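To keep things clear, I will list the structure first and then write my remarks on it.
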Number of protein chains: 2
Amino acid sequence: MTVRGAPAIGVTAAMGLALAAKRSKHNDKSLLLLDLEKAAEIIRATRPTARNLSWAVDRVLRKAREAADQGLDIRETLAAEAQLMANEDVEANRRIGAIGAELIQDGDTILTHCNTGTMATVSYGTAFGVIRSAIAQGKKVKVIATETRPRQQGARITVYEASADKIPTTLIVDSAVGITMSKGMVDTVIVGADRITRTLVANKVGTFMIALAAKYYGIPFYVAAPATTLDLTAESAPVSIEERDSREVTEIAGRRITPKGVNVFNPAFDLTPLELVTGVITDKGVFSEEQIQNMTKI
Amino acid sequence: MTVRGAPAIGVTAAMGLALAAKRSKHNDKSLLLLDLEKAAEIIRATRPTARNLSWAVDRVLRKAREAADQGLDIRETLAAEAQLMANEDVEANRRIGAIGAELIQDGDTILTHCNTGTMATVSYGTAFGVIRSAIAQGKKVKVIATETRPRQQGARITVYEASADKIPTTLIVDSAVGITMSKGMVDTVIVGADRITRTLVANKVGTFMIALAAKYYGIPFYVAAPATTLDLTAESAPVSIEERDSREVTEIAGRRITPKGVNVFNPAFDLTPLELVTGVITDKGVFSEEQIQNMTKI
């Protein structure tokens, strides 16, 4: 949890593999590749929900094998590849921002959940990048940030990033989304994604209930993520939902807020059916549920 | 906020008026009644959402006027009336429990929001009283308690009361309700109410989103409250939603959890359309949306 946010997790995994190559004692190609595969296994298991993690690990391992086949220096190749992926992430975020900003009207108030800005990516952000791009276009945009229990990424990070950008921001608790929408205070919802399958969006726990409320009030609900977040392999495969330490729920800022001994269920993500999503904003364009269901590759 | 929970608020208001009568310096009936009306005005303004508050104030004032007309001691009459109302609350809760318990199956897991037990009433509880009654009938019932941000009545009070009753309880953050339901972990939802009109249930913020999720998954969603919570006067009148101090959101257990200067929207309640409610469990029976819409009196 030192690194969070699916795009940041992906690039960090690539950097981690480049480091693993650098630290390996083996100069024999096969033994070095074996070290890399061991490192990949450890990295892959850390965050099962984030699609970008397995995507990044697969890409770097493939690159390592190609380098070995072609007699190139594996360490140098992986360091360059990881840096390239970091650059690509920023570029993808900028494109997501530019494409998504077209969906935002001057004067809109955008509700977002969790954190999807610079600190969830290499830089700029996904859903938060769309907000930034709309503002860069000269549109006046306000933000409503949800607290995002249990780890409060909205209250801690999104509020901080919005304040650094001087974006007018209102903080609400997660369960106030419905009443906030009912008062006409929300024009659009934009959230990020940890994995998008043909039928579901895995994202921070609470996303699904926000989507339900948006549907009820007829408010557009967008998901913004790099195309690498799409998992087209999983027709209807179950998405593994990470469960985290119960202390995330029972303690806040190191203080216990509930009687001892209580059982806790603490899923980090939830699954939003694509039928509740108005559009998925990626660096390759905005896609509907139907388009994603029929996609063969992106 | 020393007293919370609509039924507890109502009875405390009655006790407050009995105290105001006791403390009045006037023995002249008209002047004593004037003092009571002033006290009533102060009390009434404290918690505009809770129906039971205005109901209790109206009842005690009416009783004071009757006592004055009949030449009875106003102070003694009000002390007796307030005590009667306290006893009636416990009795109503026991009836709500007995009636509601019939809707619970052996082995059910019941999700509840906020706190509706002894500490929200004079004793026993409304939604929590239904759970208690089902257990008293010998049914094995488990509870899922939502944290209930911002004031965490679920994590602090419901978890405490359930643990005192040795009821197996799992705590979740508010935004985990959807994913918890999607895993088949919830058989029934029971929540309390601060005010029930012909079309809406005002209850702790977050109730509406839980009702939406329950509807989505076809899980029964019950509201449990004394009949005095019904506000049949309000055909479609707007319900006043209390907004509270932003520090409830920005601080937890006295610690700041968000950057300074952020704007906060902190509504204490939300409004759930009765169309999302399977039934309203009262001490007078279980009522459907249609029955409440056509009710002339309860």
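Ordered as shown in the structure tokens, chains take letters A, B, and onward, while each chain numbers its residues from 1 and ligands are numbered from 1 in the order shown.
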For this session: Could you list, as a list in words, the residues of chain B having an atom within 6 Å of chain A when counting only C-alpha atoms?
Result: Ala155, Arg156, Thr170, Leu171, Ile172, Ser175, Ala176, Ile179, Val205, Gly206, Thr258, Asn263, Val264, Phe265 and Asp270 of chain B
Exercise. Stretch 10-18 of chain B: which residues within 9 Å, counting only C-alpha atoms, same-chain residues fewer than 5 positions away excluded, as a ChimeraX atom specification?
Worked result: /B:3,5,23,36,39-40,43-44,50-57,59-61,74-83,85-86,89,121-122
For this session: Please report, as JSON, numbers by chain, each residue of stretch 72-274 of chain A to which DSSP assigns strand (DSSP E) when run on this structure's backbone.
Result: {"A": [109, 110, 111, 112, 142, 143, 144, 145, 146, 169, 170, 171, 172, 188, 189, 190, 191, 195, 196, 200, 201, 202, 203, 204, 221, 222, 223, 224, 251, 252, 255, 256, 263, 264, 269, 270, 271, 272, 273]}
Exercise. Given the choices B:Lys215, B:Leu33, B:Thr112, B:Lys142, which gets closest to B:Ala67 if the distance is worked out from only C-alpha atoms?
Worked result: B:Leu33
Problem set entry | B:Gly192 environment, 6 Å, only C-alpha atoms, sequence neighbours closer than 2 positions dropped, as a list of chain:residue names | B:Ala127, B:Val223, B:Ala224, B:Ala225
Write to file, as a PDB file, in the first residue's frame, the residues of the selection just made, with N, CA and C atoms.
```
ATOM      1  N   ALA B 127     -35.284  -0.901  14.993  1.00  0.00           N
ATOM      2  CA  ALA B 127     -34.731  -1.919  14.088  1.00  0.00           C
ATOM      3  C   ALA B 127     -33.921  -2.938  14.881  1.00  0.00           C
ATOM      4  N   VAL B 223     -38.157  -0.772   7.247  1.00  0.00           N
ATOM      5  CA  VAL B 223     -37.962   0.363   8.146  1.00  0.00           C
ATOM      6  C   VAL B 223     -38.757   0.063   9.411  1.00  0.00           C
ATOM      7  N   ALA B 224     -38.123   0.199  10.583  1.00  0.00           N
ATOM      8  CA  ALA B 224     -38.812  -0.076  11.848  1.00  0.00           C
ATOM      9  C   ALA B 224     -38.844   1.200  12.686  1.00  0.00           C
ATOM     10  N   ALA B 225     -40.038   1.593  13.089  1.00  0.00           N
ATOM     11  CA  ALA B 225     -40.179   2.836  13.856  1.00  0.00           C
ATOM     12  C   ALA B 225     -41.535   2.857  14.547  1.00  0.00           C
TER      13      ALA B 225
END
```
For this session: Quick one: pick out all alpha helix (DSSP H) residues within stretch 190-253 of chain A from a backbone DSSP run and write them as a PyMOL selection string.
Result: chain A and resi 207-217+247-250
Produce a file of the selected residues containing N, CA and C atoms, as a PDB file, in the first residue's frame.
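Result file result08.pdb:
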```pdb
ATOM      1  N   THR A 207     -17.857   2.407  -5.364  1.00  0.00           N
ATOM      2  CA  THR A 207     -18.135   2.859  -6.734  1.00  0.00           C
ATOM      3  C   THR A 207     -19.504   2.372  -7.209  1.00  0.00           C
ATOM      4  N   PHE A 208     -19.804   1.108  -6.912  1.00  0.00           N
ATOM      5  CA  PHE A 208     -21.070   0.513  -7.359  1.00  0.00           C
ATOM      6  C   PHE A 208     -22.280   1.289  -6.819  1.00  0.00           C
ATOM      7  N   MET A 209     -22.233   1.662  -5.542  1.00  0.00           N
ATOM      8  CA  MET A 209     -23.376   2.367  -4.963  1.00  0.00           C
ATOM      9  C   MET A 209     -23.503   3.783  -5.528  1.00  0.00           C
ATOM     10  N   ILE A 210     -22.375   4.397  -5.861  1.00  0.00           N
ATOM     11  CA  ILE A 210     -22.422   5.714  -6.510  1.00  0.00           C
ATOM     12  C   ILE A 210     -23.060   5.574  -7.893  1.00  0.00           C
ATOM     13  N   ALA A 211     -22.696   4.497  -8.608  1.00  0.00           N
ATOM     14  CA  ALA A 211     -23.268   4.263  -9.941  1.00  0.00           C
ATOM     15  C   ALA A 211     -24.779   4.045  -9.855  1.00  0.00           C
ATOM     16  N   LEU A 212     -25.215   3.305  -8.831  1.00  0.00           N
ATOM     17  CA  LEU A 212     -26.662   3.074  -8.646  1.00  0.00           C
ATOM     18  C   LEU A 212     -27.391   4.394  -8.411  1.00  0.00           C
ATOM     19  N   ALA A 213     -26.819   5.235  -7.566  1.00  0.00           N
ATOM     20  CA  ALA A 213     -27.459   6.525  -7.262  1.00  0.00           C
ATOM     21  C   ALA A 213     -27.470   7.417  -8.504  1.00  0.00           C
ATOM     22  N   ALA A 214     -26.369   7.401  -9.277  1.00  0.00           N
ATOM     23  CA  ALA A 214     -26.313   8.203 -10.508  1.00  0.00           C
ATOM     24  C   ALA A 214     -27.393   7.744 -11.482  1.00  0.00           C
ATOM     25  N   LYS A 215     -27.544   6.418 -11.623  1.00  0.00           N
ATOM     26  CA  LYS A 215     -28.581   5.867 -12.495  1.00  0.00           C
ATOM     27  C   LYS A 215     -29.960   6.347 -12.035  1.00  0.00           C
ATOM     28  N   TYR A 216     -30.207   6.290 -10.723  1.00  0.00           N
ATOM     29  CA  TYR A 216     -31.500   6.678 -10.175  1.00  0.00           C
ATOM     30  C   TYR A 216     -31.830   8.126 -10.514  1.00  0.00           C
ATOM     31  N   TYR A 217     -30.821   8.990 -10.482  1.00  0.00           N
ATOM     32  CA  TYR A 217     -31.063  10.417 -10.731  1.00  0.00           C
ATOM     33  C   TYR A 217     -30.739  10.829 -12.166  1.00  0.00           C
ATOM     34  N   ARG A 247      -7.891  -3.508  10.592  1.00  0.00           N
ATOM     35  CA  ARG A 247      -7.565  -2.251  11.274  1.00  0.00           C
ATOM     36  C   ARG A 247      -7.819  -1.024  10.408  1.00  0.00           C
ATOM     37  N   GLU A 248      -7.894  -1.219   9.074  1.00  0.00           N
ATOM     38  CA  GLU A 248      -8.277  -0.086   8.223  1.00  0.00           C
ATOM     39  C   GLU A 248      -9.662   0.429   8.616  1.00  0.00           C
ATOM     40  N   VAL A 249     -10.505  -0.488   9.110  1.00  0.00           N
ATOM     41  CA  VAL A 249     -11.876  -0.119   9.483  1.00  0.00           C
ATOM     42  C   VAL A 249     -11.962   0.258  10.965  1.00  0.00           C
ATOM     43  N   THR A 250     -11.243  -0.483  11.810  1.00  0.00           N
ATOM     44  CA  THR A 250     -11.418  -0.299  13.261  1.00  0.00           C
ATOM     45  C   THR A 250     -10.561   0.826  13.830  1.00  0.00           C
TER      46      THR A 250
END
```
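Among the candidates A:Thr146, A:Thr233, A:Asn294, A:Ser30, the residue lying nearest to A:Gly71 is A:Ser30 (atoms considered: only C-alpha atoms).
Picture a line from atom CA of B:Val141 to atom CA of B:Asp106; it runs 6.6 Å.
Atom pair atom CA of A:Asp283 / atom CA of A:Glu91: separated by 8.5 Å.
Residues in contact with B:Leu111 at up to 7 Å, not including ones fewer than 3 positions away on its chain and judged by only C-alpha atoms, are Val143, Ile144, Ala145, Val186, Thr188, Val189 and Ile190 of chain B.
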